[in-house]
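Beneath this line is the structure, given in structure tokens, with notes to follow.
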Amino acid sequence: IPCVPWQSQTSGHDCQCADFFKYLVRIMDYIRRDRYLTQHASWFLRELRLIAYRQFLKAYQSVSMETMAREFGLGVAFLDREVSSYVAAGWPLV
């Protein structure tokens with residue numbers, strides 16, 4: 001994807017959560033403009049965020065929503081709704 005710098009390829013792997021989410025926004029802009037990928041954009045975004053949350057939580061026995069929100073550069077309310085939706089759908093985070 002030409003619009004994303006090479007650092008984005010390692011930000012998720014290196015647990016640079018906020019950077020990963022910033023690059024993810026740029027990737028999603030590209031995907032939404034593609035006539036073949038746009039129909040899968042919501043699924044793709046949801047899956048990548050779920051992977052990032054799982055990777056982050058794997059290292060912790062306990063973590064507060066405030067800490068997690070800060071690490072991802074998100075608001076606590078948004079993160080709470082997002083995590084709740086994954087749990088309600090039966091998708092385990094750990």
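Quick note on naming: the chains in the structure tokens go A, B, ... in the order shown, residues restart at 1 in each chain, and ligands are numbered from 1 in order of appearance.
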
- [ ] List every residue of chain A that DSSP, applied to the backbone of this structure, places in alpha helix (DSSP H), and write the result as a PyMOL selection string.
- [x] chain A and resi 8-11+17-33+41-58+65-72+76-88

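Of the residues listed (A:Arg81, A:Val63, A:Cys17, A:Thr38), A:Cys17 shows the shortest atom-to-atom separation from A:Ile51; distances use only C-alpha atoms.
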
I'd like the neighbourhood of A:Leu93 as a PDB file with all heavy atoms, in the first residue's frame, where a residue qualifies if any of its atoms comes within 8 Å (using only C-alpha atoms), though same-chain residues fewer than 2 positions away should be ignored.
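Below is the file result-v1.pdb, written as the result:
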ATOM      1  N   LEU A  50      -8.941  -6.158  16.717  1.00  0.00           N
ATOM      2  CA  LEU A  50      -9.029  -7.301  17.627  1.00  0.00           C
ATOM      3  C   LEU A  50      -7.657  -7.947  17.821  1.00  0.00           C
ATOM      4  O   LEU A  50      -7.270  -8.266  18.942  1.00  0.00           O
ATOM      5  CB  LEU A  50     -10.029  -8.319  17.092  1.00  0.00           C
ATOM      6  CG  LEU A  50     -10.249  -9.581  17.925  1.00  0.00           C
ATOM      7  CD1 LEU A  50     -10.753  -9.232  19.320  1.00  0.00           C
ATOM      8  CD2 LEU A  50     -11.226 -10.511  17.219  1.00  0.00           C
ATOM      9  N   TYR A  53      -5.625  -5.657  20.118  1.00  0.00           N
ATOM     10  CA  TYR A  53      -6.063  -5.761  21.519  1.00  0.00           C
ATOM     11  C   TYR A  53      -5.577  -7.068  22.140  1.00  0.00           C
ATOM     12  O   TYR A  53      -5.104  -7.092  23.275  1.00  0.00           O
ATOM     13  CB  TYR A  53      -7.583  -5.687  21.635  1.00  0.00           C
ATOM     14  CG  TYR A  53      -8.182  -4.360  21.229  1.00  0.00           C
ATOM     15  CD1 TYR A  53      -9.440  -4.305  20.647  1.00  0.00           C
ATOM     16  CD2 TYR A  53      -7.513  -3.160  21.425  1.00  0.00           C
ATOM     17  CE1 TYR A  53     -10.011  -3.108  20.284  1.00  0.00           C
ATOM     18  CE2 TYR A  53      -8.075  -1.956  21.059  1.00  0.00           C
ATOM     19  CZ  TYR A  53      -9.326  -1.935  20.483  1.00  0.00           C
ATOM     20  OH  TYR A  53      -9.893  -0.743  20.117  1.00  0.00           O
ATOM     21  N   ARG A  54      -5.700  -8.156  21.400  1.00  0.00           N
ATOM     22  CA  ARG A  54      -5.250  -9.458  21.928  1.00  0.00           C
ATOM     23  C   ARG A  54      -3.755  -9.457  22.210  1.00  0.00           C
ATOM     24  O   ARG A  54      -3.306  -9.970  23.230  1.00  0.00           O
ATOM     25  CB  ARG A  54      -5.587 -10.569  20.941  1.00  0.00           C
ATOM     26  CG  ARG A  54      -7.032 -10.969  20.941  1.00  0.00           C
ATOM     27  CD  ARG A  54      -7.306 -12.021  19.910  1.00  0.00           C
ATOM     28  NE  ARG A  54      -8.685 -12.475  19.991  1.00  0.00           N
ATOM     29  CZ  ARG A  54      -9.305 -13.091  19.003  1.00  0.00           C
ATOM     30  NH1 ARG A  54      -8.664 -13.343  17.865  1.00  0.00           N
ATOM     31  NH2 ARG A  54     -10.555 -13.470  19.137  1.00  0.00           N
ATOM     32  N   LEU A  57      -3.118  -7.382  25.388  1.00  0.00           N
ATOM     33  CA  LEU A  57      -3.601  -8.004  26.618  1.00  0.00           C
ATOM     34  C   LEU A  57      -2.845  -9.279  26.982  1.00  0.00           C
ATOM     35  O   LEU A  57      -2.825  -9.667  28.147  1.00  0.00           O
ATOM     36  CB  LEU A  57      -5.095  -8.296  26.502  1.00  0.00           C
ATOM     37  CG  LEU A  57      -5.985  -7.054  26.489  1.00  0.00           C
ATOM     38  CD1 LEU A  57      -7.410  -7.446  26.144  1.00  0.00           C
ATOM     39  CD2 LEU A  57      -5.914  -6.332  27.817  1.00  0.00           C
ATOM     40  N   TYR A  86     -16.824  -6.896  21.344  1.00  0.00           N
ATOM     41  CA  TYR A  86     -16.113  -8.145  21.058  1.00  0.00           C
ATOM     42  C   TYR A  86     -16.518  -9.238  22.032  1.00  0.00           C
ATOM     43  O   TYR A  86     -16.754 -10.380  21.641  1.00  0.00           O
ATOM     44  CB  TYR A  86     -14.593  -7.931  21.130  1.00  0.00           C
ATOM     45  CG  TYR A  86     -14.023  -7.126  19.991  1.00  0.00           C
ATOM     46  CD1 TYR A  86     -13.210  -6.032  20.220  1.00  0.00           C
ATOM     47  CD2 TYR A  86     -14.304  -7.464  18.666  1.00  0.00           C
ATOM     48  CE1 TYR A  86     -12.690  -5.294  19.179  1.00  0.00           C
ATOM     49  CE2 TYR A  86     -13.782  -6.731  17.630  1.00  0.00           C
ATOM     50  CZ  TYR A  86     -12.978  -5.647  17.879  1.00  0.00           C
ATOM     51  OH  TYR A  86     -12.460  -4.920  16.848  1.00  0.00           O
ATOM     52  N   VAL A  87     -16.614  -8.883  23.304  1.00  0.00           N
ATOM     53  CA  VAL A  87     -16.993  -9.867  24.315  1.00  0.00           C
ATOM     54  C   VAL A  87     -18.425 -10.349  24.078  1.00  0.00           C
ATOM     55  O   VAL A  87     -18.708 -11.557  24.123  1.00  0.00           O
ATOM     56  CB  VAL A  87     -16.836  -9.275  25.738  1.00  0.00           C
ATOM     57  CG1 VAL A  87     -17.421 -10.205  26.781  1.00  0.00           C
ATOM     58  CG2 VAL A  87     -15.358  -8.992  26.031  1.00  0.00           C
ATOM     59  N   TRP A  91     -16.121 -13.162  20.972  1.00  0.00           N
ATOM     60  CA  TRP A  91     -14.746 -13.188  20.498  1.00  0.00           C
ATOM     61  C   TRP A  91     -13.824 -12.944  21.676  1.00  0.00           C
ATOM     62  O   TRP A  91     -13.737 -11.831  22.188  1.00  0.00           O
ATOM     63  CB  TRP A  91     -14.516 -12.134  19.444  1.00  0.00           C
ATOM     64  CG  TRP A  91     -15.330 -12.338  18.199  1.00  0.00           C
ATOM     65  CD1 TRP A  91     -15.929 -13.491  17.791  1.00  0.00           C
ATOM     66  CD2 TRP A  91     -15.649 -11.353  17.224  1.00  0.00           C
ATOM     67  NE1 TRP A  91     -16.583 -13.282  16.616  1.00  0.00           N
ATOM     68  CE2 TRP A  91     -16.430 -11.993  16.244  1.00  0.00           C
ATOM     69  CE3 TRP A  91     -15.355 -10.019  17.065  1.00  0.00           C
ATOM     70  CZ2 TRP A  91     -16.915 -11.322  15.139  1.00  0.00           C
ATOM     71  CZ3 TRP A  91     -15.833  -9.350  15.956  1.00  0.00           C
ATOM     72  CH2 TRP A  91     -16.603 -10.006  15.011  1.00  0.00           C
TER      73      TRP A  91
END

- [ ] Name the closest residue to A:Arg46 among the candidates A:Gly75, A:Val83, A:Gln61, A:Glu66; distances are taken between atoms, counting only C-alpha atoms.
- [x] A:Val83

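Nearest residue to A:Met68 among A:Ile27, A:Ala52, A:Leu45, A:Ala89 is A:Ala52, counting only C-alpha atoms.
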